[in-house]
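Inspection log for the structure reproduced underneath, given as structure tokens.
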Amino acid sequence: MGEMRVVGIRVEAPQNQPVLLLRERVGDRYLPIWIGQSEAASIALQQKGIEPPRPLTHDLIVNLIAAMDRQLIEVRIVDMQEGTFYADLIFDDDLRVSARPSDAVAIALRAEVPIVAEDSVLDEAGLELPEEGVDGESTEGREDEVEKFKEFLDNVSPDDFKGGEGD
């Protein structure tokens with residue numbers, strides 16, 4: 001399993017379909033997941049540190065976990081079938097709850113728990129983007145990484161991942 005980090009979200013034109021991009025913490029593979037608008041907004045708000053005046057659904061879930069005296073250990077992206085990704089929320093006592101990856105990532109960001117992807121998912125859907133930027137400069141910084149992501153999205157479509165709807 002590889003621990004992942006959220007690189008960001010971009011809306012792919014012309015369908016206005018948001019894409020969540022995860023990257024291995026140790027390694028060079030990226031995992032693009034097409035997601036819904038509301039999940040994209042929830043993830044983006046959390047990444048920007050914006051706290052809404054009332055809890056969003058993902059905030060409510062984290063609050064419920066705490067109220068039930070449970071502990072979320074990690075989020076796992078466990079499978080991909082016909083372009084659709086599957087995730088599990090892993091709790092204490094090895095309790096597992098199935099979830100869409102977009103919801104799982106939104107919850108993981110709020111609960112500050114690791115996001116991991118099964119090796120089989122990374123082997124099947126992970127992409128290695130070139131280490132060199134368009135102008136030949138190193139792409140070690142976050143801005144360069146996001147720019148690389150944008151260039152990648154300009155040349156890819158959901159059909160490249162077996163035509164699925166994302167998650």
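Residue numbers start at 1 in each chain; chains themselves are named A, B, ... in the order of the structure tokens; ligands are numbered from 1 in the order shown.
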
Would you mind writing down, as an MDAnalysis selection string, each residue of range 17-94 of chain A that DSSP on the backbone assigns to strand (DSSP E or B)?
chainID A and resid 17:24 29:34 72:81 84:91

Compile the contact shell of Tyr86 in chain A as number ranges by chain: residues with an atom at most 7 Å away, counting only C-alpha atoms, same-chain residues fewer than 5 positions apart removed.
A: 77-80, 99-101, 167
